[in-house]
>>> print(open('structure21.txt').read())   # compact mmCIF, C-alpha atoms
# COMPACT_ATOMS: atom_id res chain seq x y z
CA MET A 1 64.79 74.16 108.67
CA ALA A 2 67.33 76.96 108.38
CA VAL A 3 65.19 79.58 106.64
CA SER A 4 62.10 79.05 108.81
CA GLY A 5 64.33 78.96 111.88
CA VAL A 6 65.96 82.27 111.03
CA ILE A 7 62.51 83.89 110.49
CA MET A 8 61.38 82.74 113.93
CA LEU A 9 64.66 83.82 115.48
CA LEU A 10 64.30 87.36 114.10
CA TYR A 11 60.79 87.47 115.51
CA LEU A 12 62.03 86.31 118.93
CA VAL A 13 64.57 89.13 119.08
CA ALA A 14 61.78 91.66 118.47
CA HIS A 15 59.55 89.78 120.95
CA VAL A 16 62.06 89.88 123.79
CA ILE A 17 62.70 93.60 123.33
CA GLY A 18 58.93 94.20 123.46
CA ASN A 19 58.56 92.01 126.56
CA LEU A 20 61.13 93.98 128.50
CA LYS A 21 58.88 97.06 128.26
CA ILE A 22 56.97 95.47 131.13
CA PHE A 23 59.62 96.81 133.51
CA PHE A 24 58.62 100.38 132.60
CA GLY A 25 55.13 99.96 134.05
CA PRO A 26 51.64 99.13 132.80
CA GLY A 27 51.28 102.39 130.87
CA GLU A 28 54.22 101.84 128.55
CA PHE A 29 53.65 98.07 128.19
CA ASN A 30 49.96 98.40 127.31
CA HIS A 31 50.74 101.29 124.96
CA TYR A 32 53.36 99.12 123.23
CA ALA A 33 50.83 96.29 122.88
CA HIS A 34 48.34 98.69 121.34
CA TRP A 35 50.99 100.07 118.97
CA LEU A 36 51.55 96.52 117.63
CA ARG A 37 48.05 96.78 116.19
CA THR A 38 48.58 100.14 114.58
CA VAL A 39 52.00 99.56 112.99
CA GLY A 40 52.14 100.77 109.42
CA GLU A 41 49.10 103.03 109.63
CA PRO A 42 47.79 104.79 107.64
CA PHE A 43 49.15 102.56 104.83
CA MET A 44 48.09 99.46 106.69
CA HIS A 45 44.67 99.13 108.22
CA TYR A 46 44.26 98.49 111.97
CA GLU A 47 45.86 95.08 112.85
CA TRP A 48 46.91 94.36 109.24
CA THR A 49 50.63 94.33 110.04
CA LEU A 50 49.99 92.18 113.10
CA TRP A 51 48.07 89.64 111.06
CA LEU A 52 50.74 89.66 108.36
CA VAL A 53 53.36 88.83 110.98
CA ARG A 54 51.10 86.12 112.41
CA VAL A 55 50.65 84.50 109.00
CA VAL A 56 54.38 84.55 108.29
CA LEU A 57 55.04 83.03 111.72
CA VAL A 58 52.47 80.26 111.30
CA VAL A 59 53.96 79.40 107.90
CA ALA A 60 57.44 79.37 109.45
CA VAL A 61 56.37 77.18 112.38
CA VAL A 62 54.58 74.71 110.11
CA ALA A 63 57.48 74.61 107.62
CA HIS A 64 59.92 74.09 110.49
CA ALA A 65 57.85 71.27 112.00
CA VAL A 66 57.25 69.54 108.67
CA SER A 67 60.92 69.62 107.69
CA ALA A 68 61.89 68.43 111.18
CA TYR A 69 59.49 65.52 110.81
CA GLN A 70 60.78 64.63 107.34
CA LEU A 71 64.41 64.92 108.44
CA SER A 72 63.80 62.76 111.54
CA ARG A 73 61.98 60.09 109.51
CA ARG A 74 64.84 60.00 107.05
CA ASP A 75 67.48 59.85 109.79
CA ILE A 76 65.74 57.03 111.64
CA ARG A 77 65.30 55.07 108.40
CA ALA A 78 68.99 55.54 107.57
CA ARG A 79 70.03 53.46 110.60
CA PRO A 80 67.56 50.59 111.07
CA THR A 81 69.94 48.64 113.34
CA GLY A 82 71.58 50.62 116.11
CA TYR A 83 74.86 50.00 117.88
CA VAL A 84 74.99 47.63 120.83
CA HIS A 85 77.70 49.76 122.45
CA LYS A 86 76.01 53.13 122.86
CA LYS A 87 77.84 56.35 123.60
CA PRO A 88 76.38 59.78 124.28
CA ARG A 89 76.93 61.62 121.02
CA ALA A 90 77.35 65.33 120.32
CA SER A 91 76.63 68.18 122.73
CA TYR A 92 73.56 68.34 124.98
CA ALA A 93 72.06 71.14 122.86
CA THR A 94 72.47 69.05 119.70
CA ARG A 95 70.99 65.90 121.21
CA THR A 96 67.93 67.69 122.58
CA MET A 97 66.91 69.42 119.33
CA ARG A 98 63.99 67.05 118.67
CA TRP A 99 62.51 66.93 122.17
CA GLY A 100 63.31 70.60 122.70
CA GLY A 101 61.45 71.40 119.51
CA ILE A 102 58.40 69.41 120.64
CA ILE A 103 58.44 71.17 124.02
CA LEU A 104 58.61 74.52 122.26
CA GLY A 105 55.76 73.59 119.91
CA LEU A 106 53.51 72.66 122.85
CA PHE A 107 54.60 75.78 124.68
CA ILE A 108 53.60 78.02 121.75
CA VAL A 109 50.09 76.50 121.78
CA TRP A 110 49.73 77.10 125.54
CA HIS A 111 51.26 80.57 125.25
CA ILE A 112 48.73 81.67 122.61
CA LEU A 113 45.78 80.12 124.47
CA ASP A 114 47.00 81.85 127.62
CA LEU A 115 47.93 85.37 126.57
CA THR A 116 46.45 85.93 123.09
CA THR A 117 43.04 84.25 123.18
CA GLY A 118 42.82 83.94 126.98
CA THR A 119 41.20 80.50 126.71
CA VAL A 120 43.30 78.90 129.45
CA HIS A 121 44.17 82.13 131.23
CA PRO A 122 44.06 81.97 135.05
CA GLY A 123 41.73 84.67 136.46
CA GLY A 124 39.64 86.80 134.13
CA PHE A 125 41.43 87.52 130.86
CA GLN A 126 41.18 91.18 129.92
CA PRO A 127 41.73 91.93 126.22
CA GLY A 128 43.73 95.13 125.82
CA HIS A 129 45.30 94.85 129.28
CA PRO A 130 48.32 92.62 128.64
CA TYR A 131 50.21 93.91 131.69
CA GLN A 132 47.60 92.56 134.10
CA ASN A 133 47.26 89.34 132.10
CA VAL A 134 51.01 88.70 132.29
CA VAL A 135 51.01 89.31 136.04
CA ASP A 136 48.07 86.88 136.42
CA THR A 137 49.83 84.13 134.47
CA PHE A 138 53.05 84.42 136.43
CA SER A 139 51.21 84.50 139.73
CA THR A 140 50.46 80.79 139.26
CA TRP A 141 53.13 78.19 139.97
CA TYR A 142 52.40 76.18 136.83
CA GLY A 143 52.56 79.28 134.63
CA ASN A 144 56.07 79.91 135.90
CA VAL A 145 57.16 76.27 135.57
CA ILE A 146 55.89 75.90 131.99
CA TYR A 147 57.49 79.18 131.00
CA LEU A 148 60.87 78.53 132.62
CA VAL A 149 61.18 75.03 131.18
CA ALA A 150 60.24 76.27 127.70
CA MET A 151 62.70 79.15 127.85
CA LEU A 152 65.57 76.84 128.87
CA ALA A 153 64.60 74.59 125.94
CA LEU A 154 64.59 77.68 123.73
CA GLY A 155 68.11 78.63 124.76
CA LEU A 156 69.44 75.16 123.96
CA HIS A 157 67.50 75.04 120.69
CA VAL A 158 68.83 78.42 119.54
CA ARG A 159 72.38 77.56 120.59
CA HIS A 160 72.60 74.67 118.13
CA GLY A 161 69.98 76.02 115.72
CA PHE A 162 71.55 79.36 114.87
CA TRP A 163 74.98 77.88 114.20
CA SER A 164 73.48 75.00 112.20
CA ALA A 165 71.36 77.34 110.09
CA ALA A 166 74.53 79.25 109.21
CA GLN A 167 76.16 76.00 108.04
CA THR A 168 73.10 74.91 106.05
CA LEU A 169 72.96 78.26 104.29
CA GLY A 170 76.67 78.00 103.55
CA ALA A 171 77.59 81.02 105.68
CA GLY A 172 80.10 79.26 107.93
CA SER A 173 83.82 78.87 107.39
CA ARG A 174 86.91 78.01 109.38
CA SER A 175 87.74 81.66 110.04
CA ARG A 176 84.17 82.64 110.86
CA ASP A 177 83.37 79.71 113.14
CA ARG A 178 84.34 81.35 116.42
CA LEU A 179 82.23 84.40 115.57
CA LEU A 180 79.20 82.27 114.65
CA LYS A 181 79.49 80.18 117.82
CA THR A 182 79.79 83.32 119.94
CA VAL A 183 76.73 84.88 118.29
CA ALA A 184 74.80 81.61 118.79
CA ASN A 185 75.70 81.48 122.49
CA LEU A 186 74.98 85.17 122.94
CA LEU A 187 71.59 84.91 121.22
CA ALA A 188 70.67 81.88 123.31
CA LEU A 189 71.72 83.61 126.51
CA VAL A 190 70.09 86.98 125.77
CA LEU A 191 66.80 85.41 124.60
CA THR A 192 66.57 83.03 127.56
CA ALA A 193 67.58 85.64 130.13
CA GLY A 194 65.37 88.31 128.55
CA PHE A 195 62.26 86.13 128.48
CA ILE A 196 62.88 84.68 131.95
CA ALA A 197 63.29 88.20 133.37
CA VAL A 198 59.51 88.70 133.12
CA PRO A 199 58.34 85.80 135.36
CA VAL A 200 61.25 86.51 137.70
CA GLY A 201 60.10 90.14 137.82
CA VAL A 202 56.59 89.03 138.80
CA MET A 203 57.91 86.52 141.35
CA THR A 204 60.12 89.10 143.03
CA GLY A 205 57.36 91.69 143.03
CA LEU A 206 59.20 94.02 140.65
CA VAL A 207 56.23 93.70 138.30
CA SER A 208 52.84 93.62 139.98
CA MET B 1 97.44 41.12 127.32
CA LYS B 2 94.28 39.14 127.88
CA LEU B 3 91.11 40.56 126.38
CA THR B 4 87.42 39.76 126.20
CA LEU B 5 85.97 40.53 122.77
CA ARG B 6 82.29 40.88 122.04
CA VAL B 7 82.04 40.64 118.26
CA TRP B 8 79.05 41.00 115.94
CA ARG B 9 78.54 37.68 114.14
CA GLN B 10 76.16 37.42 111.24
CA GLN B 11 76.22 34.52 108.78
CA ASN B 12 75.08 36.52 105.76
CA ALA B 13 73.05 39.57 104.72
CA ASP B 14 69.70 37.88 105.39
CA ALA B 15 70.59 36.14 108.66
CA ASP B 16 69.98 37.62 112.09
CA GLY B 17 73.16 38.60 113.84
CA ALA B 18 74.18 38.73 117.48
CA MET B 19 77.17 39.63 119.62
CA SER B 20 79.42 36.64 120.44
CA THR B 21 81.97 36.67 123.26
CA TYR B 22 85.55 35.46 122.79
CA GLU B 23 88.59 35.41 125.06
CA VAL B 24 91.91 36.30 123.42
CA ASP B 25 95.15 35.67 125.27
CA GLY B 26 98.73 36.55 124.44
CA VAL B 27 97.95 39.85 122.77
CA SER B 28 100.99 42.12 122.43
CA PRO B 29 100.47 45.86 123.00
CA ASP B 30 102.37 46.43 119.75
CA MET B 31 99.86 44.48 117.68
CA SER B 32 97.47 46.43 115.52
CA PHE B 33 93.78 45.87 116.17
CA LEU B 34 93.56 43.83 112.97
CA GLU B 35 96.52 41.66 114.00
CA MET B 36 94.72 41.00 117.26
CA LEU B 37 91.68 39.87 115.23
CA ASP B 38 94.02 37.70 113.11
CA THR B 39 95.15 36.04 116.37
CA LEU B 40 91.54 35.40 117.31
CA ASN B 41 90.79 33.99 113.85
CA GLU B 42 93.78 31.60 114.02
CA GLU B 43 92.39 30.22 117.26
CA LEU B 44 88.88 29.97 115.79
CA ILE B 45 90.20 28.08 112.75
CA LEU B 46 92.08 25.64 115.02
CA THR B 47 88.92 24.91 116.98
CA GLY B 48 86.99 24.44 113.75
CA GLU B 49 84.91 27.60 114.12
CA ASP B 50 84.11 30.07 111.36
CA PRO B 51 86.67 32.93 111.51
CA VAL B 52 85.39 36.50 111.98
CA ALA B 53 85.05 38.24 108.61
CA PHE B 54 86.36 41.82 108.47
CA ASP B 55 87.55 44.16 105.72
CA HIS B 56 91.23 45.06 105.41
CA ASP B 57 93.72 45.72 102.67
CA CYS B 58 96.81 47.94 102.84
CA ARG B 59 97.10 47.98 106.64
CA GLU B 60 98.98 51.26 106.25
CA GLY B 61 96.06 53.60 106.93
CA ILE B 62 95.75 54.83 103.34
CA CYS B 63 93.34 52.55 101.49
CA GLY B 64 90.09 52.95 103.42
CA ALA B 65 89.22 49.25 103.44
CA CYS B 66 89.22 48.63 107.18
CA SER B 67 86.25 49.67 109.24
CA LEU B 68 84.90 48.45 112.64
CA VAL B 69 83.08 50.34 115.35
CA ILE B 70 85.14 49.64 118.46
CA ASN B 71 83.50 50.39 121.82
CA GLY B 72 81.08 52.70 120.00
CA ASP B 73 83.79 54.64 118.15
CA ALA B 74 84.33 54.34 114.40
CA HIS B 75 87.94 53.08 113.99
CA GLY B 76 88.26 52.94 117.80
CA PRO B 77 89.48 55.38 120.42
CA GLU B 78 92.40 56.90 118.44
CA ARG B 79 91.91 59.23 115.50
CA THR B 80 93.25 56.85 112.89
CA THR B 81 92.16 53.82 110.87
CA THR B 82 91.56 50.49 112.62
CA CYS B 83 94.69 49.02 111.00
CA GLN B 84 96.78 51.78 112.58
CA LEU B 85 95.12 51.40 115.97
CA HIS B 86 97.41 49.51 118.36
CA MET B 87 96.48 47.37 121.31
CA ARG B 88 98.46 49.70 123.63
CA SER B 89 95.39 51.93 123.40
CA PHE B 90 93.62 49.31 125.55
CA GLU B 91 94.22 47.92 129.01
CA ASP B 92 94.91 44.31 129.94
CA GLY B 93 91.64 42.63 130.86
CA ASP B 94 89.47 45.05 128.85
CA THR B 95 86.18 44.01 127.30
CA ILE B 96 85.99 45.38 123.76
CA ASP B 97 82.81 45.60 121.65
CA VAL B 98 83.40 45.24 117.91
CA GLU B 99 80.55 46.05 115.53
CA PRO B 100 80.19 46.74 111.81
CA TRP B 101 79.37 50.18 110.32
CA ARG B 102 75.63 50.67 110.85
CA ALA B 103 73.65 52.32 108.07
CA ALA B 104 70.81 51.31 105.79
CA ALA B 105 73.02 52.23 102.83
CA PHE B 106 75.82 49.96 104.13
CA PRO B 107 74.15 46.51 104.46
CA VAL B 108 76.11 43.88 106.39
CA VAL B 109 77.55 41.25 104.06
CA LYS B 110 78.95 39.02 106.78
CA ASP B 111 80.03 39.58 110.41
CA LEU B 112 81.92 42.91 110.33
CA VAL B 113 81.98 43.34 106.55
CA VAL B 114 79.57 45.87 105.04
CA ASP B 115 78.83 46.70 101.42
CA ARG B 116 80.07 50.24 100.75
CA SER B 117 79.24 50.37 97.03
CA ALA B 118 76.83 53.23 97.79
CA PHE B 119 79.97 55.40 98.03
CA ASP B 120 81.13 54.18 94.60
CA ARG B 121 77.81 55.18 93.09
CA ILE B 122 78.11 58.67 94.61
CA ILE B 123 81.56 58.96 92.97
CA GLN B 124 80.12 57.71 89.67
CA ALA B 125 77.52 60.46 89.85
CA GLY B 126 80.14 63.21 89.60
CA GLY B 127 83.31 62.54 91.57
CA TYR B 128 85.59 62.85 88.53
CA VAL B 129 86.66 65.36 85.87
CA THR B 130 85.78 64.78 82.24
CA ALA B 131 89.10 65.16 80.46
CA PRO B 132 90.79 63.47 77.51
CA THR B 133 93.25 60.88 78.73
CA GLY B 134 96.72 60.31 77.31
CA ALA B 135 100.11 61.55 78.38
CA ALA B 136 100.18 63.51 81.63
CA PRO B 137 99.77 67.24 80.88
CA GLU B 138 102.54 69.67 81.74
CA ALA B 139 102.19 70.35 85.46
CA HIS B 140 102.34 74.14 85.20
CA ALA B 141 100.05 74.51 82.20
CA THR B 142 97.09 75.15 84.51
CA PRO B 143 98.04 77.49 87.35
CA VAL B 144 96.38 76.66 90.68
CA PRO B 145 96.58 79.23 93.50
CA LYS B 146 98.38 77.80 96.54
CA PRO B 147 95.42 78.16 98.95
CA ASP B 148 93.17 76.34 96.46
CA ALA B 149 95.72 73.55 96.01
CA ASP B 150 95.99 73.16 99.80
CA PHE B 151 92.20 73.11 100.13
CA ALA B 152 91.90 70.47 97.39
CA PHE B 153 94.61 68.34 99.01
CA GLU B 154 92.95 68.54 102.40
CA HIS B 155 89.75 67.11 100.90
CA ALA B 156 91.53 64.67 98.58
CA GLU B 157 92.81 62.97 101.72
CA CYS B 158 89.41 61.28 102.15
CA ILE B 159 89.92 57.54 101.73
CA GLY B 160 86.21 56.74 101.57
CA CYS B 161 86.26 54.40 104.56
CA GLY B 162 82.78 55.42 105.71
CA ALA B 163 83.64 56.24 109.33
CA CYS B 164 81.68 59.50 108.93
CA VAL B 165 78.52 57.54 108.13
CA ALA B 166 79.16 55.08 110.96
CA ALA B 167 79.71 57.85 113.52
CA CYS B 168 76.86 60.11 112.37
CA PRO B 169 73.81 59.79 114.65
CA ASN B 170 71.70 60.01 111.46
CA GLY B 171 73.78 57.74 109.21
CA ALA B 172 74.42 60.65 106.84
CA ALA B 173 77.13 60.69 104.17
CA MET B 174 77.54 64.45 104.02
CA LEU B 175 81.21 64.56 105.03
CA PHE B 176 82.26 61.98 102.44
CA THR B 177 80.25 63.62 99.66
CA SER B 178 81.42 67.11 100.59
CA ALA B 179 85.08 66.02 100.64
CA LYS B 180 84.73 64.64 97.12
CA VAL B 181 82.74 67.62 95.83
CA ASN B 182 85.08 70.23 97.33
CA HIS B 183 88.24 68.46 96.23
CA LEU B 184 87.33 68.86 92.54
CA ASN B 185 85.12 71.96 92.66
CA VAL B 186 87.91 74.21 93.90
CA LEU B 187 90.34 73.24 91.11
CA PRO B 188 90.34 74.71 87.58
CA GLN B 189 90.20 71.16 86.16
CA GLY B 190 86.92 70.57 87.97
CA ALA B 191 85.39 73.95 87.14
CA PRO B 192 83.43 73.00 83.97
CA GLU B 193 81.36 70.46 85.94
CA ARG B 194 81.23 72.47 89.16
CA ALA B 195 77.43 72.83 89.28
CA SER B 196 76.35 69.46 87.90
CA ARG B 197 78.87 67.67 90.14
CA VAL B 198 77.40 68.88 93.42
CA LEU B 199 73.78 68.48 92.28
CA ASP B 200 74.29 64.96 90.92
CA MET B 201 76.38 63.69 93.82
CA VAL B 202 73.95 65.03 96.43
CA ALA B 203 71.02 63.53 94.49
CA GLN B 204 72.78 60.15 94.41
CA MET B 205 73.61 60.43 98.12
CA ASP B 206 69.92 60.97 98.87
CA GLU B 207 68.90 58.10 96.63
CA GLU B 208 71.20 55.68 98.47
CA GLY B 209 69.19 56.14 101.65
CA PHE B 210 71.73 57.97 103.77
CA GLY B 211 70.32 60.14 106.55
CA GLY B 212 70.14 63.92 106.67
CA CYS B 213 72.69 66.20 108.29
CA THR B 214 71.87 67.80 111.64
CA LEU B 215 75.35 69.27 112.13
CA ALA B 216 76.10 67.06 115.13
CA GLY B 217 79.77 67.09 114.07
CA GLU B 218 80.43 63.44 114.94
CA CYS B 219 81.64 62.69 111.40
CA ALA B 220 84.54 65.14 111.54
CA THR B 221 85.51 63.86 114.99
CA ALA B 222 85.64 60.27 113.73
CA CYS B 223 87.31 60.95 110.37
CA PRO B 224 90.77 59.32 110.38
CA LYS B 225 91.94 61.79 107.74
CA GLY B 226 90.76 64.93 109.52
CA ILE B 227 88.28 66.16 106.90
CA PRO B 228 86.90 69.30 108.60
CA LEU B 229 83.23 69.87 109.37
CA PHE B 230 83.35 73.05 107.26
CA SER B 231 83.50 70.81 104.20
CA ILE B 232 79.77 70.29 104.67
CA THR B 233 79.17 74.05 104.88
CA LYS B 234 81.23 74.57 101.73
CA MET B 235 79.26 71.88 99.91
CA ASN B 236 76.00 73.50 101.01
CA ARG B 237 77.32 76.77 99.56
CA GLU B 238 78.22 75.00 96.32
CA PHE B 239 74.80 73.36 96.24
CA LEU B 240 72.93 76.64 96.72
CA ARG B 241 75.06 78.28 94.05
CA ALA B 242 74.41 75.43 91.60
CA ALA B 243 70.70 75.31 92.36
CA ARG B 244 70.47 79.07 91.76
CA LYS B 245 72.34 78.85 88.48
CA GLY B 246 70.55 75.68 87.40
CA ARG B 247 73.69 73.92 86.12
>>> encode(input="structure21.txt", output="structure tokens")
Amino acid sequence: MAVSGVIMLLYLVAHVIGNLKIFFGPGEFNHYAHWLRTVGEPFMHYEWTLWLVRVVLVVAVVAHAVSAYQLSRRDIRARPTGYVHKKPRASYATRTMRWGGIILGLFIVWHILDLTTGTVHPGGFQPGHPYQNVVDTFSTWYGNVIYLVAMLALGLHVRHGFWSAAQTLGAGSRSRDRLLKTVANLLALVLTAGFIAVPVGVMTGLVS
Amino acid sequence: MKLTLRVWRQQNADADGAMSTYEVDGVSPDMSFLEMLDTLNEELILTGEDPVAFDHDCREGICGACSLVINGDAHGPERTTTCQLHMRSFEDGDTIDVEPWRAAAFPVVKDLVVDRSAFDRIIQAGGYVTAPTGAAPEAHATPVPKPDADFAFEHAECIGCGACVAACPNGAAMLFTSAKVNHLNVLPQGAPERASRVLDMVAQMDEEGFGGCTLAGECATACPKGIPLFSITKMNREFLRAARKGR
């Protein structure tokens, strides 16, 4: 869980920085999208780096989902009879890890079908013109709703996930706890705000 | 004080259990929770009913025998053992739910008594130091740095009551196992078995059917002895180190 989570988290940091290029206009955003395909040239062939990243990400997502499934099965089996007197346990972020994870998994599928393959894209999908595609997606109400819900789930997931990964990998300690919690909150906030900035930009007409 | 108790009654390990409601009158706020249950049991015996079975021993908060999930909290609302919980923590007229520890690895024996031998088997897997017995060695023969001694003591406080498992949303035994691993792994006497200890004890913990840790932190909140959540992190570090070194 921890290792695959950290891989995805590192990717998300790069992803959010890339996304924010949209505020510098279609020229820079589309150029950035094209550059993603030429990273590492001439050592790497066209799109090789991109595909390498995609493979690593798919492995990370699958590993994360499989370990989450195994962990959940084990946890449910460990308490066959529940308590009659139920109390809300742990923080909201901690309690929503499972459902939040499922929401994020479904979101990733929609997100790829929408903006990578264009299968469910509203209005004609134009390969090589991501700026226009993004504007199209966020011009629909459901595109905005799906995205906003998923990004809030992401923030909560990262908030507990980053700190937990540090504990699993043995990186936490009494003296370092405040730092780790601050970094977790900051990451959650920056990722959520950074990603949400794009649909908000489209809604307010800043990006059109 | 007059209280309404809803207590888990279960004839034996194979029987189906259910919550039964009892009224207890004349409870003093100075009684411990267990003394209040004694009062209930005296009344039950007088009326010819089967008294409620519950674990208890020292009643001083140091043995780890008492258990009970009270109103959804392991050892009740105060951060102490059930024997040290007093009825002044409740209000007159309260309805109190009393349930046993719930975990697959802690099967109910009767009513509120659960079988905690899974913990004993985790200890047998590595919660000791292999040393020749005999006369006590000279105390200063093996120097222990003060911070290490403090750390060991903090973890040695674990009384193995199982509140961590009861409170954990996943029924995991990570806090107990980590307290026992860390207590010995930090000391020079435990150093020769440092790697095998953590690997064997974690393997036994898994085999007993405890859940996995999701860092919810409920264990450390419930622990009557204040074992910190970082114990789990430290055990994870020990585990990774041992797995890398391969014993």
>>> interface_residues(input="structure21.txt", of="chain A", to="chain B", cutoff="7 Å", atoms="only C-alpha atoms", output="PDB file with C-alpha atoms, keeping the file's coordinate frame")
ATOM      1  CA  LEU A  71      64.410  64.920 108.440  1.00  0.00           C
ATOM      2  CA  ARG A  74      64.840  60.000 107.050  1.00  0.00           C
ATOM      3  CA  ASP A  75      67.480  59.850 109.790  1.00  0.00           C
ATOM      4  CA  ILE A  76      65.740  57.030 111.640  1.00  0.00           C
ATOM      5  CA  ALA A  78      68.990  55.540 107.570  1.00  0.00           C
ATOM      6  CA  ARG A  79      70.030  53.460 110.600  1.00  0.00           C
ATOM      7  CA  PRO A  80      67.560  50.590 111.070  1.00  0.00           C
ATOM      8  CA  THR A  81      69.940  48.640 113.340  1.00  0.00           C
ATOM      9  CA  GLY A  82      71.580  50.620 116.110  1.00  0.00           C
ATOM     10  CA  HIS A  85      77.700  49.760 122.450  1.00  0.00           C
ATOM     11  CA  LYS A  86      76.010  53.130 122.860  1.00  0.00           C
ATOM     12  CA  LYS A  87      77.840  56.350 123.600  1.00  0.00           C
ATOM     13  CA  ALA A  90      77.350  65.330 120.320  1.00  0.00           C
ATOM     14  CA  THR A  94      72.470  69.050 119.700  1.00  0.00           C
ATOM     15  CA  SER A 164      73.480  75.000 112.200  1.00  0.00           C
ATOM     16  CA  GLN A 167      76.160  76.000 108.040  1.00  0.00           C
ATOM     17  CA  THR A 168      73.100  74.910 106.050  1.00  0.00           C
ATOM     18  CA  LEU A 169      72.960  78.260 104.290  1.00  0.00           C
ATOM     19  CA  GLY A 170      76.670  78.000 103.550  1.00  0.00           C
ATOM     20  CA  GLY A 172      80.100  79.260 107.930  1.00  0.00           C
ATOM     21  CA  SER A 173      83.820  78.870 107.390  1.00  0.00           C
ATOM     22  CA  ARG A 174      86.910  78.010 109.380  1.00  0.00           C
TER      23      ARG A 174
END
>>> atom_distance(input="structure21.txt", atom1="CA of Gly93 (chain B)", atom2="CA of Val52 (chain B)")
20.8 Å
>>> residues_around(input="structure21.txt", residues="His160 (chain A)", least_positions_apart="2", cutoff="8 Å", atoms="only C-alpha atoms", output="JSON list (two decimals) with C-alpha atoms, in the frame of the given file")
[["chain", "number", "residue", "atom", "x", "y", "z"],
["A", 93, "ALA", "CA", 72.06, 71.14, 122.86],
["A", 94, "THR", "CA", 72.47, 69.05, 119.70],
["A", 97, "MET", "CA", 66.91, 69.42, 119.33],
["A", 156, "LEU", "CA", 69.44, 75.16, 123.96],
["A", 157, "HIS", "CA", 67.50, 75.04, 120.69],
["A", 158, "VAL", "CA", 68.83, 78.42, 119.54],
["A", 162, "PHE", "CA", 71.55, 79.36, 114.87],
["A", 163, "TRP", "CA", 74.98, 77.88, 114.20],
["A", 164, "SER", "CA", 73.48, 75.00, 112.20],
["A", 184, "ALA", "CA", 74.80, 81.61, 118.79]]
>>> atom_distance(input="structure21.txt", atom1="CA of Ser139 (chain A)", atom2="CA of Met203 (chain A)")
7.2 Å
>>> residues_around(input="structure21.txt", residues="Gln124 (chain B)", least_positions_apart="3", cutoff="12 Å", atoms="only C-alpha atoms", output="PyMOL selection string")
chain B and resi 117-121+127-130+177+180-181+197+200-205
>>> closest_residue(input="structure21.txt", among="B:Ser89, B:Thr21, B:Thr95, B:Thr82", to="Arg9 (chain B)", atoms="only C-alpha atoms")
B:Thr21
>>> atom_distance(input="structure21.txt", atom1="CA of Ala193 (chain A)", atom2="CA of Thr38 (chain A)")
28.5 Å
>>> closest_residue(input="structure21.txt", among="A:Leu187, A:Ile22, A:Val39, A:Ile196", to="Ser208 (chain A)", atoms="all atoms listed in the file")
A:Ile22
>>> closest_residue(input="structure21.txt", among="B:Gly26, B:Gly64, B:Pro132, B:Pro145", to="Pro224 (chain B)", atoms="only C-alpha atoms")
B:Gly64
>>> residues_around(input="structure21.txt", residues="Pro188 (chain B)", least_positions_apart="4", cutoff="10 Å", atoms="all atoms listed in the file", output="number ranges by chain")
B: 142-145, 148, 184, 192, 194
>>> residues_around(input="structure21.txt", residues="Phe90 (chain B)", least_positions_apart="2", cutoff="12 Å", atoms="all atoms listed in the file", output="VMD selection string")
chain B and resid 1 to 5 27 to 33 36 70 to 71 76 to 78 85 to 88 92 to 96
>>> residues_around(input="structure21.txt", residues="Cys58 (chain B)", least_positions_apart="2", cutoff="12 Å", atoms="only C-alpha atoms", output="ChimeraX atom specification")
/B:34,55-56,60-66,81-84,159
